[in-house]
Amino acid sequence: MDSGAIRRRPRRRLALAAAVLAVSGAFALTATGTAQAAGSAGGCAGREVKTLPFKTGVTHVYKRNGYICAVTVARTPGPLRTMSVSVQARGNRPVVDKGRFRQHAGPVTVHAGRRCVWIKGSVGRYSVSSGWILC
């Protein structure tokens with residue numbers, strides 16, 4: 001036997017084992033409560049702390065370990081239309097996701113610590129603005 005062939009098999013097995021671990025880790029995350037929130041919130045982690053409804057959509061706000069995440073979801077998914085979501089921690093500039101989407105804009109996450117945040121969301125010509133919240 002060629003000693004080079006013997007060396008390749010452990011490397012292949014190691015690569016296969018790493019791939020299996022990576023996939024199983026992804027499945028483990030899918031089974032957690034955070035991933036359940038991600039499915040309904042478009043990718044936000046944490047617990048939902050605020051829901052901001054408006055005529056054409058709703059903006060969901062989540063909090064986890066000082067981070068605030070928001071996502072705007074259209075009430076009726078369908079054709080591409082202008083949507084946006086923004087999160088601004090007091091004293092900082094807003095972080096915005098704006099574009100033409102079918103279902104949702106975001107998620108947008110900022111580290112707020114214990115500072116107030118201002119959340120905005122829009123779908124089409126209708127929008128919502130929270131004012132300073134979560135202070």
# chains A, B, ... in the order shown; residues from 1 in each chain; ligands from 1
>>> residues_around(residues="A:Pro94", least_positions_apart="3", cutoff="10 Å", atoms="only C-alpha atoms", output="tab-separated table (two decimals) with N, CA, C and O atoms, in the first residue's frame")
chain	number	residue	atom	x	y	z
A	85	VAL	N	-37.26	48.92	7.18
A	85	VAL	CA	-37.25	48.82	8.63
A	85	VAL	C	-35.99	49.52	9.10
A	85	VAL	O	-34.95	49.45	8.44
A	86	SER	N	-36.09	50.24	10.22
A	86	SER	CA	-34.91	50.89	10.78
A	86	SER	C	-34.95	50.83	12.29
A	86	SER	O	-36.03	50.87	12.89
A	87	VAL	N	-33.77	50.73	12.87
A	87	VAL	CA	-33.61	50.73	14.32
A	87	VAL	C	-32.52	51.74	14.64
A	87	VAL	O	-31.43	51.69	14.08
A	88	GLN	N	-32.84	52.66	15.55
A	88	GLN	CA	-31.87	53.68	15.97
A	88	GLN	C	-31.77	53.67	17.48
A	88	GLN	O	-32.76	53.89	18.18
A	89	ALA	N	-30.59	53.40	17.99
A	89	ALA	CA	-30.33	53.54	19.42
A	89	ALA	C	-30.03	55.00	19.70
A	89	ALA	O	-29.34	55.66	18.91
A	90	ARG	N	-30.56	55.53	20.78
A	90	ARG	CA	-30.38	56.94	21.10
A	90	ARG	C	-28.89	57.28	21.14
A	90	ARG	O	-28.10	56.58	21.73
A	91	GLY	N	-28.53	58.34	20.40
A	91	GLY	CA	-27.14	58.77	20.32
A	91	GLY	C	-26.41	58.21	19.11
A	91	GLY	O	-25.28	58.58	18.85
A	97	ASP	N	-32.76	48.89	6.56
A	97	ASP	CA	-32.86	47.96	5.43
A	97	ASP	C	-34.05	48.44	4.60
A	97	ASP	O	-35.19	48.40	5.07
A	108	VAL	N	-32.91	43.92	11.04
A	108	VAL	CA	-31.91	44.94	11.34
A	108	VAL	C	-31.63	44.84	12.83
A	108	VAL	O	-32.56	44.84	13.64
A	110	VAL	N	-29.18	46.22	16.20
A	110	VAL	CA	-28.23	47.18	16.76
A	110	VAL	C	-28.00	46.84	18.23
A	110	VAL	O	-28.86	46.24	18.87
A	117	VAL	N	-34.61	53.16	22.02
A	117	VAL	CA	-34.50	52.93	20.57
A	117	VAL	C	-35.73	53.51	19.87
A	117	VAL	O	-36.80	53.64	20.47
A	118	TRP	N	-35.55	53.87	18.60
A	118	TRP	CA	-36.64	54.36	17.76
A	118	TRP	C	-36.75	53.40	16.59
A	118	TRP	O	-35.79	53.20	15.85
A	119	ILE	N	-37.92	52.82	16.42
A	119	ILE	CA	-38.15	51.82	15.38
A	119	ILE	C	-39.09	52.41	14.33
A	119	ILE	O	-40.10	53.04	14.68
A	120	LYS	N	-38.77	52.18	13.06
A	120	LYS	CA	-39.64	52.59	11.97
A	120	LYS	C	-39.80	51.43	11.01
A	120	LYS	O	-38.86	50.65	10.80
>>> atom_distance(atom1="atom CA of A:Cys116", atom2="atom CA of A:Phe101")
28.2 Å
>>> closest_residue(among="A:His60, A:Lys98, A:Arg115, A:His104", to="A:Val73", atoms="only C-alpha atoms")
A:His104
>>> residues_around(residues="A:Thr59", least_positions_apart="2", cutoff="6 Å", atoms="only C-alpha atoms", output="list in words")
Thr51, Leu52, Val71, Thr72 and Gly121 of chain A
>>> write_last_selection(atoms="N, CA and C atoms", output="compact mmCIF listing (two decimals), in the first residue's frame")
# COMPACT_ATOMS: atom_id res chain seq x y z
N THR A 51 -44.83 44.93 19.17
CA THR A 51 -45.41 44.72 17.85
C THR A 51 -46.01 46.04 17.42
N LEU A 52 -45.60 46.54 16.26
CA LEU A 52 -46.07 47.83 15.77
C LEU A 52 -46.87 47.62 14.49
N VAL A 71 -37.94 43.65 12.31
CA VAL A 71 -38.25 43.21 10.96
C VAL A 71 -39.67 43.67 10.63
N THR A 72 -39.85 44.18 9.43
CA THR A 72 -41.18 44.59 8.97
C THR A 72 -41.71 43.53 8.02
N GLY A 121 -40.98 51.32 10.42
CA GLY A 121 -41.23 50.29 9.42
C GLY A 121 -42.21 50.81 8.39
>>> closest_residue(among="A:Ser130, A:Ser122, A:Thr109, A:Gln103", to="A:Ser84", atoms="only C-alpha atoms")
A:Ser122
>>> closest_residue(among="A:Arg75, A:Arg81, A:Asn65, A:Leu134", to="A:Pro53", atoms="only C-alpha atoms")
A:Arg75
>>> closest_residue(among="A:Ser127, A:Ala45, A:Arg102, A:Tyr67", to="A:Arg114", atoms="only C-alpha atoms")
A:Tyr67
>>> residues_around(residues="A:Arg47", least_positions_apart="5", cutoff="7 Å", atoms="only C-alpha atoms", output="list in words")
Tyr62, Lys63 and Arg64 of chain A
>>> write_last_selection(atoms="N, CA and C atoms", output="tab-separated table (two decimals), in the first residue's frame")
chain	number	residue	atom	x	y	z
A	62	TYR	N	-37.58	42.68	18.66
A	62	TYR	CA	-37.06	41.64	19.53
A	62	TYR	C	-35.88	42.17	20.33
A	63	LYS	N	-35.67	41.59	21.51
A	63	LYS	CA	-34.56	42.02	22.37
A	63	LYS	C	-33.84	40.79	22.90
A	64	ARG	N	-32.49	40.89	22.90
A	64	ARG	CA	-31.67	39.81	23.43
A	64	ARG	C	-30.30	40.35	23.83
>>> closest_residue(among="A:Val58, A:Cys69, A:Ala112, A:Val95", to="A:Val128", atoms="only C-alpha atoms")
A:Val58
